[in-house]
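Undergrad: Dropping in my_file05.txt, with compact mmCIF, C-alpha atoms.
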```
# COMPACT_ATOMS: atom_id res chain seq x y z
CA MET A 1 76.49 103.72 86.33
CA ALA A 2 77.90 107.15 87.23
CA GLU A 3 81.44 107.72 86.00
CA SER A 4 82.46 110.34 88.57
CA PHE A 5 81.58 111.56 92.04
CA GLY A 6 79.84 114.60 90.56
CA SER A 7 77.60 112.58 88.30
CA LEU A 8 76.80 110.14 91.12
CA LEU A 9 75.88 113.04 93.41
CA ARG A 10 73.58 114.40 90.69
CA GLU A 11 71.94 110.98 90.26
CA CYS A 12 71.40 110.56 94.02
CA ARG A 13 69.96 114.05 94.30
CA ALA A 14 67.57 113.42 91.40
CA ALA A 15 66.52 110.06 92.89
CA ALA A 16 65.74 111.84 96.17
CA GLY A 17 63.63 114.37 94.26
CA ILE A 18 65.30 117.52 95.58
CA SER A 19 66.76 120.48 93.74
CA MET A 20 70.37 121.59 93.85
CA GLY A 21 69.34 124.63 95.87
CA GLU A 22 67.51 122.51 98.41
CA LEU A 23 70.49 120.18 98.79
CA ALA A 24 72.76 123.18 99.31
CA LYS A 25 70.50 124.41 102.13
CA ARG A 26 70.38 121.01 103.82
CA VAL A 27 74.16 120.51 103.82
CA ASN A 28 74.99 124.19 104.43
CA TYR A 29 77.20 124.58 101.36
CA SER A 30 76.60 127.19 98.68
CA LYS A 31 74.62 126.26 95.58
CA SER A 32 77.53 127.33 93.39
CA TYR A 33 79.88 124.99 95.28
CA ILE A 34 77.47 122.05 94.85
CA SER A 35 77.22 122.91 91.16
CA LYS A 36 81.00 122.80 90.78
CA ILE A 37 81.11 119.42 92.55
CA GLU A 38 78.34 117.96 90.36
CA ASN A 39 80.09 119.19 87.23
CA ASP A 40 83.46 117.83 88.42
CA LEU A 41 84.99 121.29 88.49
CA LYS A 42 86.05 120.72 92.10
CA PRO A 43 87.19 117.49 93.76
CA PRO A 44 84.93 116.05 96.48
CA ASN A 45 85.95 116.25 100.12
CA ALA A 46 85.24 113.53 102.66
CA MET A 47 83.14 115.78 104.87
CA LEU A 48 80.78 116.81 102.06
CA ALA A 49 80.51 113.19 100.90
CA ARG A 50 79.49 111.99 104.37
CA ILE A 51 76.90 114.75 104.83
CA CYS A 52 75.39 114.26 101.36
CA ASP A 53 75.36 110.50 101.76
CA GLY A 54 73.29 110.86 104.92
CA VAL A 55 70.94 113.52 103.53
CA LEU A 56 70.33 111.60 100.29
CA ASP A 57 70.29 108.16 101.97
CA ALA A 58 72.89 106.91 99.48
CA GLY A 59 73.92 103.90 101.57
CA GLY A 60 77.60 104.76 101.57
CA ALA A 61 77.87 105.06 97.77
CA LEU A 62 78.89 108.73 97.87
CA ILE A 63 81.46 108.10 100.61
CA GLU A 64 83.00 105.28 98.58
CA ALA A 65 82.99 107.36 95.39
CA ALA A 66 84.70 110.28 97.14
CA HIS A 67 87.38 107.99 98.51
CA ALA A 68 87.97 106.45 95.06
CA ALA A 69 88.32 109.90 93.50
CA ASN A 70 90.79 111.08 96.14
CA ALA A 71 92.70 107.79 96.04
CA ARG A 72 93.47 108.35 92.37
CA VAL A 73 95.05 111.68 93.28
CA LYS A 74 97.06 110.16 96.15
CA ALA A 75 98.23 107.21 94.05
CA ALA A 76 100.96 109.34 92.52
CA ALA A 77 102.47 110.13 95.91
CA VAL A 78 105.61 108.16 96.75
CA PRO A 79 105.90 107.24 100.44
CA GLY A 80 109.08 108.19 102.24
CA SER A 81 111.64 105.58 103.21
CA LEU A 82 111.56 104.12 106.69
CA ASP A 83 113.84 106.06 109.01
CA ARG A 84 114.83 104.30 112.21
CA ARG A 85 117.59 106.72 113.20
CA ARG A 86 115.56 108.43 115.89
CA MET A 87 114.51 105.10 117.36
CA LEU A 88 118.08 103.80 117.44
CA ALA A 89 119.79 107.03 118.44
CA GLY A 90 121.53 106.63 121.73
CA THR A 91 120.77 102.92 122.01
CA GLY A 92 124.39 101.97 122.61
CA ALA A 93 124.76 104.58 125.32
CA LEU A 94 121.55 103.49 127.01
CA LEU A 95 122.62 99.85 127.03
CA GLY A 96 125.99 100.86 128.41
CA ILE A 97 124.36 102.79 131.23
CA ALA A 98 121.98 99.89 131.96
CA LEU A 99 124.83 97.42 132.33
CA ALA A 100 127.60 99.66 133.62
CA GLY A 101 129.58 98.90 136.71
CA GLY A 102 130.31 95.19 136.34
CA PRO A 103 128.70 91.94 135.25
CA ARG A 104 125.18 91.75 133.94
CA PRO A 105 122.72 91.70 136.86
CA VAL A 106 120.77 88.49 137.45
CA LEU A 107 117.15 89.27 138.22
CA ASP A 108 114.44 87.47 140.13
CA ASP A 109 110.67 87.53 139.67
CA GLY A 110 110.25 90.39 142.11
CA VAL A 111 112.52 92.68 140.08
CA VAL A 112 110.71 91.75 136.86
CA ALA A 113 107.40 92.60 138.54
CA GLY A 114 108.87 95.93 139.62
CA LEU A 115 109.94 96.74 136.06
CA ARG A 116 106.45 95.95 134.85
CA SER A 117 104.96 98.16 137.57
CA SER A 118 107.25 101.00 136.46
CA PHE A 119 105.99 100.61 132.91
CA GLU A 120 102.38 100.61 134.08
CA GLN A 121 103.01 103.94 135.81
CA LEU A 122 104.38 105.43 132.58
CA ARG A 123 101.40 104.07 130.66
CA ALA A 124 98.98 105.59 133.18
CA LEU A 125 100.80 108.92 132.80
CA GLY A 126 100.53 108.60 129.02
CA MET A 127 96.72 108.48 129.33
CA ARG A 128 96.57 111.97 130.77
CA THR A 129 99.43 114.06 129.42
CA SER A 130 101.52 114.87 126.34
CA PRO A 131 103.65 112.12 124.74
CA ALA A 132 106.62 114.46 125.17
CA VAL A 133 106.41 113.95 128.95
CA VAL A 134 106.61 110.15 128.71
CA LEU A 135 108.48 109.15 125.54
CA GLU A 136 112.07 109.76 126.61
CA SER A 137 111.70 107.74 129.82
CA LEU A 138 109.78 105.04 127.98
CA VAL A 139 112.43 104.64 125.28
CA ALA A 140 115.22 104.42 127.89
CA GLN A 141 113.31 101.88 129.96
CA THR A 142 112.52 99.74 126.91
CA HIS A 143 116.18 99.55 125.90
CA THR A 144 117.17 98.76 129.48
CA VAL A 145 114.70 95.88 129.82
CA HIS A 146 115.80 94.49 126.44
CA ALA A 147 119.45 94.63 127.51
CA LEU A 148 118.71 92.93 130.82
CA ALA A 149 116.98 90.09 128.97
CA ARG A 150 120.24 89.27 127.23
CA GLY A 151 122.04 88.72 130.52
CA ASN A 152 119.49 86.44 132.17
CA ALA A 153 118.56 82.78 131.75
CA GLU A 154 115.12 81.33 131.21
CA PRO A 155 112.40 81.83 132.29
CA VAL A 156 113.35 85.39 133.33
CA ARG A 157 114.82 86.08 129.88
CA SER A 158 111.53 85.38 128.08
CA ARG A 159 109.53 87.39 130.59
CA LEU A 160 111.82 90.38 130.08
CA LEU A 161 111.65 90.07 126.29
CA LEU A 162 107.86 90.01 126.38
CA LEU A 163 107.78 93.02 128.69
CA ALA A 164 110.20 94.87 126.39
CA ALA A 165 107.97 93.94 123.45
CA ARG A 166 104.89 95.40 125.14
CA MET A 167 106.84 98.52 126.05
CA ALA A 168 108.09 98.89 122.46
CA GLU A 169 104.52 98.51 121.18
CA TYR A 170 103.33 101.28 123.51
CA THR A 171 106.30 103.43 122.48
CA GLY A 172 105.09 103.04 118.90
CA TRP A 173 101.61 104.15 119.92
CA LEU A 174 102.90 107.24 121.72
CA SER A 175 105.16 108.03 118.75
CA GLN A 176 102.04 108.04 116.59
CA GLU A 177 100.33 110.31 119.12
CA ALA A 178 103.34 112.63 118.91
CA GLY A 179 102.96 112.78 115.11
CA HIS A 180 106.00 110.64 114.24
CA GLU A 181 104.50 108.00 111.97
CA GLN A 182 107.77 106.46 110.80
CA ASP A 183 108.96 106.07 114.38
CA ALA A 184 105.62 104.53 115.25
CA LEU A 185 106.01 101.97 112.49
CA SER A 186 109.62 101.19 113.47
CA TRP A 187 108.76 100.64 117.13
CA THR A 188 105.76 98.51 116.24
CA ARG A 189 107.86 96.20 114.09
CA HIS A 190 110.58 96.10 116.75
CA ALA A 191 107.92 94.99 119.24
CA ALA A 192 107.01 92.09 116.97
CA GLU A 193 110.68 91.04 116.77
CA LEU A 194 111.05 91.10 120.56
CA ALA A 195 107.84 89.12 121.03
CA ARG A 196 109.00 86.40 118.66
CA ALA A 197 112.32 86.21 120.50
CA GLY A 198 110.38 85.77 123.72
CA GLY A 199 108.42 82.87 122.26
CA ASP A 200 105.06 84.61 121.84
CA GLN A 201 103.27 85.51 118.61
CA GLU A 202 100.63 87.72 120.20
CA ILE A 203 102.33 91.08 119.69
CA ALA A 204 103.53 89.88 116.28
CA SER A 205 99.85 89.56 115.33
CA TYR A 206 98.85 92.75 117.12
CA ALA A 207 101.54 94.71 115.26
CA TYR A 208 99.35 94.45 112.17
CA VAL A 209 96.45 95.96 114.14
CA ARG A 210 98.70 98.90 115.02
CA GLU A 211 99.83 99.32 111.41
CA ALA A 212 96.19 99.23 110.36
CA GLY A 213 95.58 102.06 112.82
CA LEU A 214 98.26 104.14 111.14
CA ALA A 215 96.58 103.53 107.78
CA LEU A 216 93.18 104.51 109.23
CA TYR A 217 94.52 107.91 110.27
CA ARG A 218 96.00 108.34 106.79
CA GLN A 219 92.43 107.92 105.50
CA ASP A 220 93.50 104.79 103.60
CA PRO A 221 90.69 102.22 103.91
CA ILE A 222 92.27 99.65 101.58
CA ALA A 223 95.48 99.39 103.62
CA THR A 224 93.47 99.48 106.87
CA ILE A 225 91.35 96.50 105.80
CA ASP A 226 94.28 94.52 104.38
CA LEU A 227 96.48 94.96 107.48
CA ALA A 228 93.59 94.18 109.84
CA ARG A 229 92.86 90.98 107.94
CA GLN A 230 96.52 89.99 108.15
CA ALA A 231 96.32 90.43 111.92
CA GLN A 232 93.50 87.88 112.00
CA ARG A 233 95.55 85.33 110.03
CA VAL A 234 99.20 85.80 111.03
CA GLY A 235 100.68 83.94 113.99
CA ARG A 236 98.36 82.73 116.70
CA PRO A 237 96.22 85.70 117.75
CA ASP A 238 94.21 85.14 120.91
CA SER A 239 90.56 86.12 121.12
CA ARG A 240 91.33 89.71 122.18
CA THR A 241 93.78 90.40 119.36
CA PHE A 242 91.46 88.75 116.84
CA GLY A 243 88.59 90.90 118.07
CA LEU A 244 90.66 94.10 117.93
CA ALA A 245 91.75 93.21 114.39
CA ALA A 246 88.17 92.59 113.26
CA ARG A 247 87.14 95.88 114.88
CA ARG A 248 89.86 97.71 112.96
CA GLU A 249 88.76 96.00 109.75
CA ALA A 250 85.22 97.25 110.41
CA GLN A 251 86.52 100.82 110.74
CA GLY A 252 88.27 100.43 107.39
CA HIS A 253 85.04 99.29 105.73
CA ALA A 254 83.23 102.27 107.25
CA LEU A 255 85.87 104.64 105.92
CA ALA A 256 85.27 103.11 102.48
CA GLY A 257 81.50 103.59 102.88
CA ASP A 258 80.65 99.86 102.89
CA ARG A 259 77.92 99.44 105.53
CA ASP A 260 77.33 95.71 105.01
CA ALA A 261 81.03 94.79 105.30
CA PHE A 262 81.30 97.08 108.34
CA GLU A 263 78.49 95.27 110.16
CA ARG A 264 79.87 91.83 109.29
CA ALA A 265 83.34 92.68 110.59
CA LEU A 266 81.95 94.26 113.75
CA ASP A 267 79.81 91.16 114.41
CA ARG A 268 82.93 89.05 113.98
CA ALA A 269 84.73 91.20 116.56
CA ALA A 270 81.98 91.11 119.18
CA GLY A 271 82.29 87.55 120.48
CA PRO A 272 86.09 87.47 120.84
CA LEU A 273 86.30 90.94 122.40
CA TYR A 274 83.60 90.38 124.99
CA ALA A 275 84.93 86.91 125.83
CA SER A 276 88.61 87.90 126.08
CA ILE A 277 90.59 88.11 129.30
CA VAL A 278 91.83 91.65 129.78
CA ASP A 279 95.11 90.96 131.56
CA THR A 280 97.87 88.36 131.22
CA THR A 281 100.76 87.26 133.39
CA ASP A 282 103.34 87.83 130.64
CA TYR A 283 102.83 91.47 129.76
CA PRO A 284 100.24 94.23 130.24
CA VAL A 285 97.07 94.17 128.17
CA LEU A 286 97.28 95.07 124.49
CA GLY A 287 95.09 97.76 123.01
CA SER A 288 92.61 100.15 124.56
CA THR A 289 91.46 99.60 128.13
CA ALA A 290 88.43 101.88 127.65
CA PRO A 291 85.05 100.43 128.64
CA ASP A 292 83.23 98.74 125.73
CA PRO A 293 85.72 99.40 122.89
CA LEU A 294 83.23 97.92 120.42
CA ALA A 295 80.60 100.57 121.16
CA LEU A 296 83.22 103.31 120.81
CA ALA A 297 84.33 101.89 117.45
CA ARG A 298 80.73 101.69 116.22
CA GLY A 299 80.11 105.27 117.29
CA TRP A 300 83.32 106.35 115.57
CA SER A 301 82.44 104.64 112.31
CA LEU A 302 78.78 105.60 111.98
CA ALA A 303 79.89 109.16 111.22
CA ASP A 304 82.07 107.84 108.38
CA LEU A 305 79.00 106.02 107.06
CA GLY A 306 76.90 109.18 106.93
CA ARG A 307 74.86 108.32 110.06
CA ALA A 308 76.13 111.23 112.13
CA GLY A 309 73.16 111.52 114.50
CA GLU A 310 73.43 107.87 115.55
CA SER A 311 77.19 108.28 115.90
CA ALA A 312 76.87 111.25 118.27
CA ALA A 313 74.28 109.51 120.45
CA LEU A 314 76.30 106.32 120.78
CA LEU A 315 79.56 108.16 121.49
CA GLY A 316 77.83 110.25 124.14
CA ASP A 317 76.58 107.14 125.95
CA SER A 318 79.99 105.44 125.70
CA LEU A 319 81.96 108.49 126.88
CA ALA A 320 79.88 108.63 130.05
CA ARG A 321 81.57 105.36 131.09
CA VAL A 322 85.17 106.43 130.36
CA PRO A 323 87.06 107.34 133.56
CA ALA A 324 88.00 111.00 133.94
CA ALA A 325 91.66 109.97 134.38
CA ASN A 326 91.77 108.58 130.84
CA ARG A 327 92.04 111.99 129.21
CA ARG A 328 93.43 110.59 125.95
CA THR A 329 90.37 108.43 125.27
CA ARG A 330 88.01 111.18 126.36
CA ALA A 331 89.73 113.68 124.06
CA ARG A 332 89.73 111.30 121.10
CA PHE A 333 86.09 110.28 121.23
CA GLY A 334 84.90 113.60 122.60
CA VAL A 335 86.18 115.43 119.53
CA ARG A 336 84.70 112.69 117.34
CA ARG A 337 81.30 113.17 119.02
CA SER A 338 81.42 116.94 118.47
CA LEU A 339 82.33 116.33 114.83
CA ALA A 340 79.40 113.93 114.41
CA LEU A 341 77.04 116.51 115.92
CA ALA A 342 78.33 119.19 113.54
CA LEU A 343 77.93 116.85 110.57
CA ASP A 344 74.35 116.23 111.72
CA GLY A 345 73.65 119.97 111.79
CA GLU A 346 73.43 120.14 115.61
CA ILE A 347 75.77 123.10 115.83
CA ASP A 348 74.83 124.35 119.31
CA GLU A 349 75.30 120.89 120.83
CA SER A 350 78.53 120.37 118.89
CA CYS A 351 79.98 123.56 120.35
CA ARG A 352 78.74 122.75 123.86
CA THR A 353 80.34 119.30 123.91
CA LEU A 354 83.51 120.65 122.33
CA THR A 355 83.88 123.19 125.13
CA ASP A 356 83.83 120.30 127.61
CA THR A 357 86.47 118.40 125.58
CA LEU A 358 89.05 121.04 124.67
CA ASP A 359 90.84 120.94 128.02
CA ASP A 360 91.47 117.20 127.60
CA VAL A 361 92.67 117.80 124.02
CA ALA A 362 95.14 120.46 125.14
CA ARG A 363 96.54 118.30 127.92
CA VAL A 364 97.13 115.09 125.93
CA ASP A 365 98.62 116.88 122.89
CA SER A 366 97.68 114.11 120.41
CA ALA A 367 98.49 114.32 116.70
CA THR A 368 95.74 111.79 115.93
CA VAL A 369 93.12 113.74 117.89
CA ARG A 370 94.17 116.90 116.05
CA THR A 371 93.28 115.18 112.75
CA ASP A 372 89.61 115.16 113.75
CA LEU A 373 89.87 118.53 115.50
CA ARG A 374 91.06 120.17 112.28
CA GLU A 375 88.18 118.59 110.37
CA LEU A 376 85.77 119.83 113.02
CA ALA A 377 87.25 123.33 112.73
CA ARG A 378 86.69 123.24 108.96
CA CYS A 379 83.13 122.04 109.47
CA LEU A 380 82.29 124.72 112.03
CA SER A 381 83.86 127.41 109.86
CA ARG A 382 80.90 127.02 107.52
CA TRP A 383 78.74 128.25 110.41
CA ARG A 384 81.00 131.14 111.41
CA SER A 385 78.08 133.55 111.84
CA HIS A 386 76.44 131.22 114.36
CA ARG A 387 76.71 132.56 117.92
CA ALA A 388 77.88 129.27 119.50
CA VAL A 389 80.59 128.92 116.84
CA ARG A 390 81.82 132.47 117.41
CA GLU A 391 82.08 131.74 121.14
CA VAL A 392 83.99 128.46 120.89
CA TYR A 393 86.18 129.25 117.90
CA PRO A 394 88.85 131.33 119.72
CA GLU A 395 89.55 128.50 122.18
CA LEU A 396 89.41 125.92 119.39
CA SER A 397 91.97 127.93 117.40
CA ARG A 398 94.14 128.39 120.47
CA VAL A 399 94.30 124.64 121.12
CA LEU A 400 95.06 123.87 117.49
CA HIS A 401 97.83 126.47 117.30
CA ARG A 402 99.22 125.57 120.72
CA THR A 403 99.63 121.93 119.74
```
Let me see the structure of the file written as structure tokens.
TA:
Amino acid sequence: MAESFGSLLRECRAAAGISMGELAKRVNYSKSYISKIENDLKPPNAMLARICDGVLDAGGALIEAAHAANARVKAAAVPGSLDRRRMLAGTGALLGIALAGGPRPVLDDGVVAGLRSSFEQLRALGMRTSPAVVLESLVAQTHTVHALARGNAEPVRSRLLLLAARMAEYTGWLSQEAGHEQDALSWTRHAAELARAGGDQEIASYAYVREAGLALYRQDPIATIDLARQAQRVGRPDSRTFGLAARREAQGHALAGDRDAFERALDRAAGPLYASIVDTTDYPVLGSTAPDPLALARGWSLADLGRAGESAALLGDSLARVPAANRRTRARFGVRRSLALALDGEIDESCRTLTDTLDDVARVDSATVRTDLRELARCLSRWRSHRAVREVYPELSRVLHRT
């Protein structure tokens, strides 16, 4: 068995019966660079691993080996301590404002419905613009709803706590989109606390799905899989949360290059997701509201598994069903489709689809979308003499630098 990524790459290339020079041509890297990788003079990168895995039909082995090699390097890194100061800053003042002017207000169902409607408007705005536009109002409203819950009796109290929990969960998501991972984690855990206080375990279970999402964007498949599995076991997840957790687990397996485990987890997600009820009377729906989230996840993950052509085709079909108003979803999966096309060597089509996507990317200003956009920029830079790349690169650079 190969002891390193370089030796495994050499074995896979030999098994495929192609020379180093031929492999270099197929993946559009220089022969000298491939030589340095095979001789372990340079560390592997995830992009090269995915391309080579697809070209050599390695079944995910090269992707897994690249991850293992990079994980050993990252193992020495010490994560920073959790900082909740930004989340808690101004909380006392906000609560004072919410309850100023006399006794705590007693609310009826109509007022609770109005608060929920206000949140839905902020969430709709968050689909199409920068987190910076929404976060401040969302944080203030979340604290206000939490404070109002303390001054009301059941059943209004529980309804307010559950609404505050859903708002805190969405605040965590937008914090992640703004690039504040520690804030995202703090808000997600706060959402779980509020949900438990309101007598519901659903967000407590879903919080693990959100944490798994943070791990996925850190390129940490082990943590992604572990957290997603916890979401399927902890509390009493309903069919939707269970399905979303299994879907996230599948994405973790894909990131690790394990095709069989990916398919098993995705099959486990299918039934619960397609059978789940999208809305509830207690708080707005958890997770993505995009059409067919399972197809989008499959399209996302096939690129990680070295099947870039299939990934691009599936993402293209799925994106056609995403409403134009949901710019955030269109930006996320649009960039992912362009990346898959570039990984598949379809450079003209990658640039064409990217041109259609960059306006959405600029408007939603997402840190997580920029992760893939930067990888796409690195990929396209290998084709810098290509006419389509030269034409799109100035706008691509402008969006990256602007955000």
Undergrad: Please measure the separation of CA of Lys25 (chain A) and CA of Asp344 (chain A), giving the value in Å to one decimal.
TA: 13.2 Å
Undergrad: Using CA of Asp260 (chain A) and CA of Ala223 (chain A) as the two end points, give the distance in Å to one decimal.
TA: 18.6 Å
Undergrad: Give me the residues within 6 Å of region 177-189 of chain A as a PyMOL selection string, counting all atoms listed in the file and dropping any in the same chain fewer than 4 places off.
TA: chain A and resi 131+168-169+172+207+366-368
Undergrad: When you look at Arg336 (chain A) with a cut-off of 9 Å (counting all atoms listed in the file), what residues show up, excluding the ones that are within fewer than 4 positions of it in the same chain? I need them as an mmCIF file with C-alpha atoms, in the frame of the given file.
TA:
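Below is the file out-v2.cif, written as the result:
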```cif
data_model
loop_
_atom_site.group_PDB
_atom_site.id
_atom_site.type_symbol
_atom_site.label_atom_id
_atom_site.label_comp_id
_atom_site.auth_asym_id
_atom_site.auth_seq_id
_atom_site.Cartn_x
_atom_site.Cartn_y
_atom_site.Cartn_z
ATOM 1 C CA GLY A 299 80.110 105.270 117.290
ATOM 2 C CA TRP A 300 83.320 106.350 115.570
ATOM 3 C CA ALA A 303 79.890 109.160 111.220
ATOM 4 C CA SER A 311 77.190 108.280 115.900
ATOM 5 C CA ALA A 312 76.870 111.250 118.270
ATOM 6 C CA LEU A 315 79.560 108.160 121.490
ATOM 7 C CA ALA A 331 89.730 113.680 124.060
ATOM 8 C CA ARG A 332 89.730 111.300 121.100
ATOM 9 C CA ALA A 340 79.400 113.930 114.410
ATOM 10 C CA LEU A 341 77.040 116.510 115.920
ATOM 11 C CA VAL A 369 93.120 113.740 117.890
ATOM 12 C CA ASP A 372 89.610 115.160 113.750
ATOM 13 C CA LEU A 373 89.870 118.530 115.500
ATOM 14 C CA LEU A 376 85.770 119.830 113.020
#
```
Undergrad: For His253 (chain A), which residue among A:Asp292, A:Asp304, A:Glu22, A:Asp267 is the nearest when counting only C-alpha atoms?
TA: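 With only C-alpha atoms as the atom set, the closest residue is A:Asp304.
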Undergrad: Excluding Gln232 (chain A) and its own-chain neighbours fewer than 2 positions away, which residues fall within 8 Å of it when counting all atoms listed in the file? Please give them as a PDB file with C-alpha atoms, in the coordinates of the input.
TA:
```
ATOM      1  CA  SER A 205      99.850  89.560 115.330  1.00  0.00           C
ATOM      2  CA  ALA A 228      93.590  94.180 109.840  1.00  0.00           C
ATOM      3  CA  ARG A 229      92.860  90.980 107.940  1.00  0.00           C
ATOM      4  CA  GLN A 230      96.520  89.990 108.150  1.00  0.00           C
ATOM      5  CA  VAL A 234      99.200  85.800 111.030  1.00  0.00           C
ATOM      6  CA  PRO A 237      96.220  85.700 117.750  1.00  0.00           C
ATOM      7  CA  THR A 241      93.780  90.400 119.360  1.00  0.00           C
ATOM      8  CA  PHE A 242      91.460  88.750 116.840  1.00  0.00           C
ATOM      9  CA  ALA A 245      91.750  93.210 114.390  1.00  0.00           C
ATOM     10  CA  ALA A 246      88.170  92.590 113.260  1.00  0.00           C
TER      11      ALA A 246
END
```
Undergrad: Mind giving me the straight-line distance from CA of Ser338 (chain A) to CA of Ser350 (chain A) in Å, one decimal?
TA: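 Going from CA of Ser338 (chain A) over to CA of Ser350 (chain A) covers 4.5 Å.
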Undergrad: With only C-alpha atoms counted and 12 Å as the cut-off, give the residues of region 227-317 of chain A in contact with region 61-71 of chain A, each with its shortest interatomic distance in Å and the pair that gives it, as CSV.
TA:
```
residue,atom,partner,partner_atom,distance
A:Gly252,CA,A:Glu64,CA,11.4
A:His253,CA,A:Glu64,CA,9.5
A:Ala254,CA,A:Ile63,CA,9.0
A:Leu255,CA,A:Ile63,CA,7.7
A:Ala256,CA,A:Glu64,CA,5.0
A:Gly257,CA,A:Glu64,CA,4.9
A:Asp258,CA,A:Glu64,CA,7.3
A:Arg259,CA,A:Ala61,CA,9.6
A:Asp260,CA,A:Ala61,CA,11.8
A:Leu302,CA,A:Ile63,CA,11.9
A:Ala303,CA,A:Ile63,CA,10.8
A:Asp304,CA,A:Ile63,CA,7.8
A:Leu305,CA,A:Ile63,CA,7.2
A:Gly306,CA,A:Ile63,CA,7.9
A:Arg307,CA,A:Ile63,CA,11.5
```
Undergrad: Excluding region 6-9 of chain A and residues on its chain fewer than 3 positions from it, collect all residues at most 9 Å away from it, counting all atoms listed in the file, and give them as a list in words.
TA: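 Non-adjacent residues within range: Met1, Ala2, Glu3, Cys12, Arg13, Ala14, Ile34, Ser35, Lys36, Ile37, Glu38, Asn39, Asp40, Leu41, Lys42, Pro43, Pro44, Ala49, Cys52, Asp53, Leu56, Ala61, Leu62 and Ala65 of chain A.
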Undergrad: Compute the distance from (92.8, 103.7, 107.6) to each atom, counting all atoms listed in the file, keep the residues with any atom at most 10 Å away, and return them as JSON, numbers by chain; use the coordinates of the file.
TA: {"A": [211, 212, 213, 214, 215, 216, 217, 218, 219, 220, 221, 222, 223, 224, 225, 226, 227, 228, 248, 249, 251, 252, 253, 254, 255, 256]}
